[in-house]
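**Q** Data: protein05.tsv, TSV, C-alpha atoms.
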```
chain	number	residue	atom	x	y	z
A	441	MET	CA	0.00	0.00	0.00
A	442	PRO	CA	1.14	3.65	-0.27
A	443	ALA	CA	4.00	4.63	2.02
A	444	ASP	CA	2.03	7.37	3.79
A	445	HIS	CA	-0.65	4.84	4.79
A	446	ALA	CA	2.02	2.41	6.01
A	447	GLU	CA	3.53	5.11	8.20
A	448	GLU	CA	0.15	5.58	9.89
A	449	LEU	CA	0.07	1.99	11.18
A	450	SER	CA	0.49	1.55	14.91
A	451	PRO	CA	3.62	-0.24	16.21
A	452	ALA	CA	1.47	-3.23	17.23
A	453	ALA	CA	0.02	-3.47	13.72
A	454	ARG	CA	3.49	-3.31	12.19
A	455	ARG	CA	4.70	-6.13	14.44
A	456	LEU	CA	1.65	-8.21	13.63
A	457	TYR	CA	2.10	-7.67	9.88
A	458	ALA	CA	5.73	-8.80	10.10
A	459	TYR	CA	4.50	-11.88	12.01
A	460	ALA	CA	1.77	-12.56	9.44
A	461	VAL	CA	4.01	-12.47	6.34
A	462	GLU	CA	6.14	-15.27	7.82
A	463	ARG	CA	3.30	-17.82	7.87
A	464	HIS	CA	0.47	-18.96	5.65
A	465	ALA	CA	-2.27	-18.34	8.23
A	466	PHE	CA	-2.79	-17.54	11.90
A	467	ASP	CA	-5.48	-16.68	14.36
A	468	ALA	CA	-5.72	-14.06	17.08
A	469	ALA	CA	-4.78	-16.46	19.87
A	470	GLU	CA	-1.60	-17.57	18.09
A	471	ALA	CA	-0.57	-14.01	17.38
A	472	THR	CA	-1.28	-12.89	20.96
A	473	GLU	CA	0.84	-15.71	22.32
A	474	ALA	CA	3.69	-15.04	19.90
A	475	LEU	CA	3.76	-11.25	20.30
A	476	GLY	CA	2.88	-10.99	23.96
A	477	VAL	CA	0.09	-8.47	23.37
A	478	ARG	CA	-3.57	-8.80	22.45
A	479	ALA	CA	-3.71	-8.96	18.67
A	480	ALA	CA	-7.42	-8.29	18.07
A	481	ALA	CA	-7.07	-4.49	17.67
A	482	ALA	CA	-4.04	-4.85	15.38
A	483	ILE	CA	-5.90	-7.42	13.24
A	484	THR	CA	-8.80	-5.00	12.84
A	485	GLU	CA	-6.40	-2.21	11.88
A	486	LEU	CA	-4.58	-4.31	9.28
A	487	ALA	CA	-7.81	-5.68	7.83
A	488	ALA	CA	-9.16	-2.12	7.40
A	489	ALA	CA	-5.96	-1.26	5.51
A	490	HIS	CA	-6.45	-4.33	3.26
A	491	LEU	CA	-3.18	-5.82	4.58
A	492	LEU	CA	-4.92	-8.84	6.11
A	493	GLN	CA	-7.60	-11.07	4.63
A	494	ARG	CA	-9.53	-14.13	5.78
A	495	ALA	CA	-7.39	-17.19	5.09
A	496	PRO	CA	-9.00	-19.26	2.31
A	497	GLY	CA	-10.60	-22.39	3.81
A	498	GLY	CA	-9.28	-21.55	7.26
A	499	GLY	CA	-12.49	-20.44	8.97
A	500	PRO	CA	-13.63	-16.99	10.07
A	501	ASP	CA	-10.83	-16.57	12.64
A	502	ARG	CA	-7.89	-17.44	10.39
A	503	TRP	CA	-5.99	-14.61	8.69
A	504	SER	CA	-3.26	-14.29	6.08
A	505	ALA	CA	-1.09	-11.39	4.93
A	506	VAL	CA	-1.76	-9.42	1.72
A	507	ALA	CA	1.11	-7.98	-0.32
A	508	PRO	CA	1.34	-4.16	0.02
A	509	ARG	CA	0.88	-3.57	-3.73
A	510	ALA	CA	-2.21	-5.74	-3.78
A	511	ALA	CA	-3.51	-3.88	-0.73
A	512	ALA	CA	-2.88	-0.57	-2.48
A	513	ALA	CA	-4.81	-1.75	-5.55
A	514	ARG	CA	-7.77	-2.71	-3.39
A	515	ALA	CA	-7.66	0.54	-1.40
A	516	LEU	CA	-7.36	2.73	-4.48
A	517	ALA	CA	-9.99	0.96	-6.59
A	518	PRO	CA	-12.85	3.26	-5.45
A	519	LEU	CA	-10.70	6.36	-6.13
A	520	ALA	CA	-9.72	5.07	-9.56
A	521	GLN	CA	-13.39	4.52	-10.35
A	522	LEU	CA	-14.18	8.07	-9.20
A	523	VAL	CA	-11.40	9.45	-11.42
A	524	ARG	CA	-12.76	7.54	-14.43
A	525	GLU	CA	-16.26	8.84	-13.78
A	526	THR	CA	-14.92	12.41	-13.38
A	527	HIS	CA	-13.07	12.20	-16.70
A	528	ASP	CA	-16.20	10.86	-18.38
A	529	GLU	CA	-18.24	13.76	-16.99
A	530	MET	CA	-15.56	16.24	-18.14
A	531	ASP	CA	-15.71	14.78	-21.66
A	532	ARG	CA	-19.49	15.03	-21.69
A	533	MET	CA	-19.40	18.64	-20.46
A	534	ARG	CA	-16.74	19.58	-23.02
A	535	GLY	CA	-18.85	18.04	-25.76
A	536	ARG	CA	-21.97	19.95	-24.67
A	537	LEU	CA	-20.08	23.26	-24.62
A	538	GLU	CA	-18.17	22.71	-27.86
A	539	ALA	CA	-21.46	21.97	-29.59
A	540	LEU	CA	-22.18	25.70	-29.16
A	541	VAL	CA	-19.00	26.81	-31.00
A	542	PRO	CA	-20.67	27.13	-34.45
A	543	ALA	CA	-23.42	29.32	-33.00
A	544	TYR	CA	-20.87	31.48	-31.20
A	545	GLU	CA	-18.68	31.92	-34.28
A	546	ALA	CA	-21.68	32.74	-36.47
A	547	GLY	CA	-22.88	35.32	-33.94
A	548	SER	CA	-19.38	36.81	-33.63
A	549	ALA	CA	-19.11	37.16	-37.40
A	550	HIS	CA	-22.50	38.89	-37.54
A	551	ARG	CA	-21.51	41.19	-34.66
A	552	ASP	CA	-18.27	42.17	-36.39
A	553	LEU	CA	-20.06	42.90	-39.66
A	554	SER	CA	-22.63	45.06	-37.93
A	555	GLY	CA	-20.02	46.86	-35.84
A	556	SER	CA	-21.75	46.10	-32.53
A	557	GLY	CA	-19.63	44.75	-29.73
A	558	ARG	CA	-16.50	46.56	-30.89
A	559	LEU	CA	-16.66	48.88	-27.87
A	560	GLU	CA	-17.63	47.49	-24.50
A	561	LEU	CA	-17.60	49.28	-21.14
A	562	VAL	CA	-16.71	47.01	-18.21
A	563	THR	CA	-17.23	48.68	-14.84
A	564	ASP	CA	-16.64	45.79	-12.42
A	565	LEU	CA	-12.99	45.58	-11.29
A	566	GLY	CA	-13.14	41.79	-10.88
A	567	ALA	CA	-14.48	41.42	-14.40
A	568	VAL	CA	-11.73	43.70	-15.72
A	569	ARG	CA	-9.05	41.61	-14.00
A	570	GLY	CA	-10.55	38.40	-15.35
A	571	LEU	CA	-10.66	39.87	-18.85
A	572	ILE	CA	-7.01	40.95	-18.64
A	573	ALA	CA	-5.99	37.47	-17.50
A	574	GLU	CA	-7.91	35.95	-20.41
A	575	LEU	CA	-6.37	38.31	-22.98
A	576	VAL	CA	-2.85	37.80	-21.61
A	577	ALA	CA	-3.27	34.02	-21.80
A	578	ALA	CA	-4.39	34.30	-25.45
A	579	CYS	CA	-1.70	36.84	-26.45
A	580	GLU	CA	0.68	35.36	-29.03
A	581	ARG	CA	2.95	38.14	-30.36
A	582	GLU	CA	3.14	41.36	-28.35
A	583	LEU	CA	1.60	43.12	-25.37
A	584	LEU	CA	1.85	46.90	-25.08
A	585	THR	CA	1.06	48.46	-21.71
A	586	SER	CA	0.96	52.11	-20.72
A	587	GLN	CA	0.59	52.77	-16.99
A	588	PRO	CA	0.52	56.43	-15.89
A	589	GLY	CA	0.36	57.41	-12.25
A	590	GLY	CA	3.87	56.79	-10.95
A	591	GLY	CA	4.72	53.67	-8.97
A	592	ARG	CA	2.15	50.87	-9.20
A	593	PRO	CA	0.42	49.52	-6.07
A	594	LEU	CA	2.06	46.43	-4.57
A	595	GLU	CA	-1.20	44.49	-4.87
A	596	SER	CA	-1.34	45.12	-8.63
A	597	LEU	CA	2.30	44.11	-9.07
A	598	GLU	CA	1.83	40.87	-7.13
A	599	GLU	CA	-1.25	40.05	-9.19
A	600	SER	CA	0.47	40.64	-12.52
A	601	ILE	CA	4.01	39.27	-11.98
A	602	GLY	CA	3.17	35.58	-12.41
A	603	ARG	CA	0.92	36.30	-15.38
A	604	ASP	CA	3.58	38.45	-17.08
A	605	GLU	CA	6.38	35.96	-16.43
A	606	SER	CA	4.28	33.22	-18.03
A	607	LEU	CA	3.63	35.50	-21.02
A	608	LEU	CA	7.34	36.20	-21.50
A	609	ALA	CA	8.25	32.53	-21.05
A	610	ARG	CA	6.03	31.78	-24.07
A	611	GLY	CA	8.16	34.13	-26.17
A	612	VAL	CA	5.62	36.96	-26.32
A	613	ARG	CA	7.17	40.43	-26.64
A	614	MET	CA	6.21	42.89	-23.90
A	615	ARG	CA	6.81	46.65	-23.79
A	616	THR	CA	5.69	48.86	-20.93
A	617	LEU	CA	5.61	52.62	-20.38
A	618	TYR	CA	5.59	54.24	-16.94
A	619	GLN	CA	6.05	57.81	-15.81
A	620	HIS	CA	9.42	58.97	-14.50
A	621	THR	CA	8.11	59.02	-10.93
A	622	ALA	CA	7.74	55.20	-11.05
A	623	ARG	CA	11.54	54.96	-10.88
A	624	TYR	CA	11.43	55.94	-7.23
A	625	SER	CA	8.99	53.16	-6.30
A	626	ARG	CA	10.94	50.17	-4.92
A	627	PRO	CA	8.18	47.59	-5.59
A	628	THR	CA	7.85	48.85	-9.17
A	629	ALA	CA	11.63	48.77	-9.68
A	630	ALA	CA	11.76	45.20	-8.32
A	631	TYR	CA	8.99	44.14	-10.69
A	632	VAL	CA	10.78	45.78	-13.63
A	633	GLU	CA	14.01	43.98	-12.73
A	634	ARG	CA	12.23	40.61	-12.81
A	635	VAL	CA	10.40	41.08	-16.11
A	636	THR	CA	13.33	42.71	-17.94
A	637	ALA	CA	15.48	39.72	-16.99
A	638	LEU	CA	13.01	37.67	-19.06
A	639	GLY	CA	13.15	40.01	-22.06
A	640	ALA	CA	10.53	42.68	-21.33
A	641	GLN	CA	11.32	46.29	-22.23
A	642	VAL	CA	10.32	49.11	-19.88
A	643	ARG	CA	10.69	52.86	-20.42
A	644	THR	CA	9.51	56.01	-18.64
A	645	LEU	CA	8.10	59.34	-19.76
A	646	GLY	CA	7.27	62.55	-17.94
A	647	ASP	CA	3.73	63.26	-19.13
A	648	GLY	CA	1.24	62.46	-21.85
A	649	LEU	CA	0.54	58.80	-21.09
A	650	MET	CA	-2.89	57.24	-21.42
A	651	ARG	CA	-3.73	54.12	-19.44
A	652	MET	CA	-4.10	51.29	-21.91
A	653	LEU	CA	-3.15	47.76	-22.94
A	654	VAL	CA	-2.96	46.50	-26.53
A	655	PHE	CA	-2.93	42.75	-27.24
A	656	ASP	CA	-1.44	41.56	-30.55
A	657	GLY	CA	-2.59	44.77	-32.23
A	658	HIS	CA	-6.23	43.66	-32.39
A	659	THR	CA	-7.72	44.14	-28.89
A	660	GLY	CA	-7.24	47.11	-26.60
A	661	LEU	CA	-8.22	48.12	-23.07
A	662	MET	CA	-8.42	51.80	-22.13
A	663	GLY	CA	-8.82	53.39	-18.73
A	664	VAL	CA	-12.03	55.32	-18.15
A	665	PRO	CA	-11.60	58.88	-16.77
A	666	ASP	CA	-12.97	59.35	-13.25
A	667	ARG	CA	-14.09	55.68	-13.04
A	668	SER	CA	-11.47	53.79	-11.09
A	669	GLY	CA	-11.38	50.08	-11.91
A	670	ALA	CA	-13.42	50.45	-15.12
A	671	ALA	CA	-12.12	49.75	-18.62
A	672	LEU	CA	-13.26	50.25	-22.19
A	673	VAL	CA	-12.69	47.13	-24.30
A	674	VAL	CA	-11.84	48.10	-27.88
A	675	ARG	CA	-12.09	45.67	-30.79
A	676	GLU	CA	-12.59	48.25	-33.55
A	677	PRO	CA	-9.43	47.86	-35.71
A	678	ASN	CA	-9.04	51.58	-36.49
A	679	VAL	CA	-9.24	52.58	-32.81
A	680	VAL	CA	-6.83	49.81	-31.77
A	681	HIS	CA	-4.45	51.01	-34.49
A	682	PHE	CA	-4.68	54.55	-33.10
A	683	MET	CA	-3.90	53.24	-29.59
A	684	ALA	CA	-0.86	51.33	-30.83
A	685	ALA	CA	0.36	54.35	-32.82
A	686	ALA	CA	0.00	56.61	-29.75
A	687	PHE	CA	2.03	54.10	-27.76
A	688	GLU	CA	4.77	54.03	-30.41
A	689	ARG	CA	5.02	57.85	-30.41
A	690	SER	CA	5.39	57.88	-26.63
A	691	TRP	CA	7.84	54.98	-26.74
A	692	LEU	CA	10.20	56.85	-29.09
A	693	GLY	CA	10.44	59.77	-26.65
A	694	ALA	CA	10.76	57.64	-23.51
A	695	GLU	CA	13.91	56.60	-21.64
A	696	PRO	CA	14.88	53.09	-20.45
A	697	PHE	CA	13.82	52.25	-16.89
A	698	PRO	CA	17.00	51.59	-14.87
A	699	THR	CA	16.71	49.19	-11.93
A	700	THR	CA	19.02	51.52	-9.98
A	701	VAL	CA	18.92	55.31	-10.27
A	702	SER	CA	22.29	57.07	-10.21
A	703	PRO	CA	22.55	60.57	-8.73
A	704	GLU	CA	23.13	61.99	-12.23
A	705	ALA	CA	20.06	60.22	-13.61
A	706	ALA	CA	17.97	61.34	-10.64
A	707	ARG	CA	18.99	64.98	-11.25
A	708	SER	CA	18.21	64.64	-14.95
A	709	ILE	CA	14.76	63.21	-14.25
A	710	SER	CA	14.10	65.87	-11.59
A	711	ASP	CA	15.02	68.61	-14.06
A	712	GLU	CA	12.69	67.12	-16.68
A	713	LEU	CA	9.87	66.87	-14.13
A	714	ARG	CA	10.35	70.53	-13.19
A	715	GLN	CA	10.27	71.55	-16.85
A	716	THR	CA	7.03	69.63	-17.27
A	717	ILE	CA	5.59	71.31	-14.16
A	718	VAL	CA	6.60	74.69	-15.58
A	719	ARG	CA	4.77	73.90	-18.82
A	720	LEU	CA	1.64	72.74	-17.00
A	721	LEU	CA	1.77	75.77	-14.67
A	722	SER	CA	1.91	78.08	-17.66
A	723	GLU	CA	-1.23	76.35	-18.95
A	724	GLY	CA	-3.00	77.40	-15.73
A	725	LEU	CA	-3.59	73.88	-14.36
A	726	GLU	CA	-4.28	73.34	-10.65
A	727	ASP	CA	-1.83	71.58	-8.33
A	728	LYS	CA	-3.91	68.41	-8.01
A	729	VAL	CA	-4.31	68.16	-11.78
A	730	ILE	CA	-0.56	68.57	-12.33
A	731	ALA	CA	0.16	65.98	-9.61
A	732	ARG	CA	-2.22	63.49	-11.19
A	733	ARG	CA	-0.76	64.04	-14.66
A	734	LEU	CA	2.77	63.44	-13.36
A	735	GLY	CA	1.97	60.49	-11.09
A	736	MET	CA	3.09	62.12	-7.84
A	737	SER	CA	1.44	63.16	-4.61
A	738	GLU	CA	-0.10	66.61	-4.43
A	739	ARG	CA	2.24	67.51	-1.55
A	740	THR	CA	5.33	66.61	-3.62
A	741	CYS	CA	3.96	68.58	-6.55
A	742	GLN	CA	3.35	71.62	-4.35
A	743	ARG	CA	6.93	71.41	-3.06
A	744	HIS	CA	8.25	71.49	-6.64
A	745	ILE	CA	5.96	74.42	-7.49
A	746	ALA	CA	7.16	76.36	-4.44
A	747	GLU	CA	10.81	75.84	-5.50
A	748	ILE	CA	10.00	76.98	-9.04
A	749	MET	CA	8.23	80.11	-7.74
A	750	ARG	CA	11.22	81.00	-5.58
A	751	ALA	CA	13.56	80.49	-8.55
A	752	VAL	CA	11.64	82.96	-10.77
A	753	GLY	CA	10.77	85.37	-7.95
A	754	ALA	CA	7.03	84.87	-8.31
A	755	LYS	CA	4.75	85.70	-5.39
A	756	SER	CA	1.73	83.75	-6.67
A	757	ARG	CA	0.96	80.84	-8.95
A	758	PHE	CA	-0.72	83.27	-11.36
A	759	GLN	CA	2.42	85.38	-11.51
A	760	ALA	CA	4.57	82.26	-11.92
A	761	GLY	CA	2.40	81.10	-14.79
A	762	TYR	CA	2.69	84.50	-16.44
A	763	LEU	CA	6.48	84.67	-16.00
A	764	LEU	CA	6.96	81.12	-17.22
A	765	ALA	CA	4.63	81.34	-20.21
A	766	PRO	CA	6.57	81.19	-23.48
A	767	ALA	CA	6.79	84.48	-25.37
A	768	PRO	CA	4.52	84.64	-28.41
A	769	PRO	CA	6.37	84.42	-31.71
A	770	ALA	CA	7.04	87.68	-33.54
A	771	PRO	CA	4.61	88.33	-36.39
A	772	PRO	CA	6.11	87.77	-39.83
A	773	ALA	CA	7.27	90.87	-41.67
A	774	SER	CA	4.98	92.11	-44.44
A	775	ALA	CA	6.10	91.91	-48.07
A	776	ASP	CA	6.37	95.72	-48.31
A	777	ALA	CA	8.56	95.90	-45.22
A	778	ALA	CA	10.74	93.14	-46.54
A	779	GLU	CA	11.15	94.97	-49.86
A	780	ARG	CA	12.04	98.24	-48.07
A	781	GLY	CA	14.57	96.40	-45.95
A	782	ALA	CA	16.07	94.88	-49.06
A	783	ALA	CA	16.22	98.29	-50.77
A	784	ASP	CA	17.95	99.84	-47.76
```
Show how you would write the structure in this file as structure tokens.
**A**
Amino acid sequence: MPADHAEELSPAARRLYAYAVERHAFDAAEATEALGVRAAAAITELAAAHLLQRAPGGGPDRWSAVAPRAAAARALAPLAQLVRETHDEMDRMRGRLEALVPAYEAGSAHRDLSGSGRLELVTDLGAVRGLIAELVAACERELLTSQPGGGRPLESLEESIGRDESLLARGVRMRTLYQHTARYSRPTAAYVERVTALGAQVRTLGDGLMRMLVFDGHTGLMGVPDRSGAALVVREPNVVHFMAAAFERSWLGAEPFPTTVSPEAARSISDELRQTIVRLLSEGLEDKVIARRLGMSERTCQRHIAEIMRAVGAKSRFQAGYLLAPAPPAPPASADAAERGAAD
């Protein structure tokens, strides 16, 4: 019988089994006399484990040993039968569901021709996660992901790491865009180190990212403004193409995500962030809007704004925006003025 079952036998049962295998048959009285202990409980235990059986032609009180492999076969027979029945039920269920494939494919073809179903709003976070897992499992060539908002939550990283590693192990290409502020998130940096070791490419950008995923260039997921956890599923080829093209434009201007940030790189990124803040300030955006666009906390954003205001000598955000606004280009000279200048 299986080793784990044998290890569960009591010492008395083990002694009795060793006694039993040395003889053709025995009864409880003989075993008790030979072992010096009452054998009835041990006989019951061994019989329940299929290691003892009634001795053929020896009467109801005569017992003989059963080989462990034979005992295992007897013990496992009900489980083997259950496994066979489970497999049969699985085959029947698979057949019932696959019988619906023609109807599904015909309906999908009709839906695609009519244009319905090419945009689908999914508002339940659990449904969105399930859909992402399904699309990742079916992805064959490339996954593009754009994740604004700075460092990603640890829960999201733990949920996606196994899924992404499996994707990369299948040879699927994966490119990801974050914002510069994600570089200062240790969990995000650790995640990036793991996936880049498997071939993923990760870059960062200051601003201008849209939250989206594109699977094999034919299915896209977009974040929904002001609806956390919701997603717009896009199957319209022209819209998916636009999403992929927007990603490529951002990718060209992005910088590789280093797993360690040197002091020089940190200063460079900080300078770029400040330049972006200056641009957004000059557009008249509020602190919380700028913070959200750059993937940082509002307090950190306000600290940067205060430093910028001190640097330009501004006493208010309005004044800072005015001082930092780019000068309008000079109007082009008229033809007459150009001719006079040429004559002079």
**Q** As number ranges by chain, please: the residues near Ala505 in chain A (cut-off 7 Å, all atoms listed in the file, same-chain neighbours under 3 positions excluded).
**A** A: 457, 460-461, 491-493
**Q** Just give me the residues with any atom within 7 Å of (-4.9, 46.7, -18.6), file coordinates, counting all atoms listed in the file, written as an mmCIF file with C-alpha atoms, in the coordinates of the input.
**A**
```cif
data_model
loop_
_atom_site.group_PDB
_atom_site.id
_atom_site.type_symbol
_atom_site.label_atom_id
_atom_site.label_comp_id
_atom_site.auth_asym_id
_atom_site.auth_seq_id
_atom_site.Cartn_x
_atom_site.Cartn_y
_atom_site.Cartn_z
ATOM 1 C CA ILE A 572 -7.010 40.950 -18.640
ATOM 2 C CA THR A 585 1.060 48.460 -21.710
ATOM 3 C CA MET A 652 -4.100 51.290 -21.910
ATOM 4 C CA LEU A 653 -3.150 47.760 -22.940
ATOM 5 C CA LEU A 661 -8.220 48.120 -23.070
#
```
**Q** Give me, please, the distance in Å between CA of His620 in chain A and CA of Leu720 in chain A, quoted to one decimal.
**A**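 Going from CA of His620 in chain A over to CA of Leu720 in chain A, I get 16.0 Å.
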**Q** Have a look at A:Tyr459, A:Leu486, A:Arg514, A:Ser606 and name the one nearest to Glu473 in chain A; count only C-alpha atoms.
**A**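 Of all the options, A:Tyr459 lies closest to Glu473 in chain A.
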**Q** CA of Arg732 in chain A and CA of His744 in chain A, how far apart in Å?
**A** 13.9 Å
**Q** Return as AutoDock Vina command-line options the box centre and box size in Å, one decimal, for an axis-aligned box around all listed atoms of range 453-463 of chain A padded by 8 Å per side.
**A**
```
--center_x 3.1 --center_y -10.6 --center_z 10.4 --size_x 22.1 --size_y 30.5 --size_z 24.1
```
**Q** Do a neighbour search on Ser586 in chain A at 6 Å with all atoms listed in the file, toss out local chain neighbours closer than 4 positions, and write the hits as number ranges by chain.
**A** A: 616-617, 651-652
**Q** Provide the CA of Met614 in chain A to CA of Glu676 in chain A distance in Å, to one decimal place.
**A**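 Result for CA of Met614 in chain A versus CA of Glu676 in chain A: 21.8 Å, one decimal.
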**Q** List as a ChimeraX atom specification the protein and nucleic acid residues near Ala495 in chain A, meaning an atom at most 12 Å away when only C-alpha atoms are counted, but skip any in the same chain fewer than 6 places from it.
**A** /A:460,463-467,487,501-506
**Q** Taking only C-alpha atoms into account, name the residue in A:Ala517, A:Ile601, A:Leu607, A:Leu645 that is nearest to Val632 in chain A.
**A**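 Smallest distance to Val632 in chain A is found for A:Ile601.
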**Q** So which residues touch range 560-570 of chain A within 6 Å, counting all atoms listed in the file, skipping near sequence neighbours fewer than 6 positions away, as a count of residues only?
**A** 5
**Q** Could N, CA and C atoms be built for range 458-472 of chain A and written out as a short mmCIF file (atom, residue, chain, number, x, y, z; two decimals), keeping the file's coordinate frame?
**A**
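The resulting selection.cif:
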```cif
data_model
loop_
_atom_site.label_atom_id
_atom_site.label_comp_id
_atom_site.auth_asym_id
_atom_site.auth_seq_id
_atom_site.Cartn_x
_atom_site.Cartn_y
_atom_site.Cartn_z
N ALA A 458 4.47 -8.06 10.28
CA ALA A 458 5.73 -8.80 10.10
C ALA A 458 5.56 -10.27 10.51
N TYR A 459 4.79 -10.51 11.57
CA TYR A 459 4.50 -11.88 12.01
C TYR A 459 3.67 -12.61 10.96
N ALA A 460 2.70 -11.92 10.37
CA ALA A 460 1.77 -12.56 9.44
C ALA A 460 2.46 -12.98 8.15
N VAL A 461 3.40 -12.15 7.64
CA VAL A 461 4.01 -12.47 6.34
C VAL A 461 4.94 -13.69 6.43
N GLU A 462 5.26 -14.11 7.65
CA GLU A 462 6.14 -15.27 7.82
C GLU A 462 5.40 -16.59 7.85
N ARG A 463 4.08 -16.57 7.81
CA ARG A 463 3.30 -17.82 7.87
C ARG A 463 2.11 -17.74 6.93
N HIS A 464 1.58 -18.89 6.59
CA HIS A 464 0.47 -18.96 5.65
C HIS A 464 -0.82 -18.43 6.27
N ALA A 465 -1.04 -18.78 7.55
CA ALA A 465 -2.27 -18.34 8.23
C ALA A 465 -2.05 -18.36 9.72
N PHE A 466 -2.88 -17.58 10.44
CA PHE A 466 -2.79 -17.54 11.90
C PHE A 466 -4.13 -17.07 12.43
N ASP A 467 -4.28 -17.24 13.74
CA ASP A 467 -5.48 -16.68 14.36
C ASP A 467 -5.06 -15.74 15.47
N ALA A 468 -6.02 -15.08 16.08
CA ALA A 468 -5.72 -14.06 17.08
C ALA A 468 -5.01 -14.65 18.28
N ALA A 469 -5.40 -15.84 18.69
CA ALA A 469 -4.78 -16.46 19.87
C ALA A 469 -3.32 -16.74 19.62
N GLU A 470 -2.99 -17.27 18.42
CA GLU A 470 -1.60 -17.57 18.09
C GLU A 470 -0.77 -16.29 18.06
N ALA A 471 -1.31 -15.26 17.46
CA ALA A 471 -0.57 -14.01 17.38
C ALA A 471 -0.37 -13.39 18.75
N THR A 472 -1.40 -13.45 19.61
CA THR A 472 -1.28 -12.89 20.96
C THR A 472 -0.21 -13.62 21.73
#
```
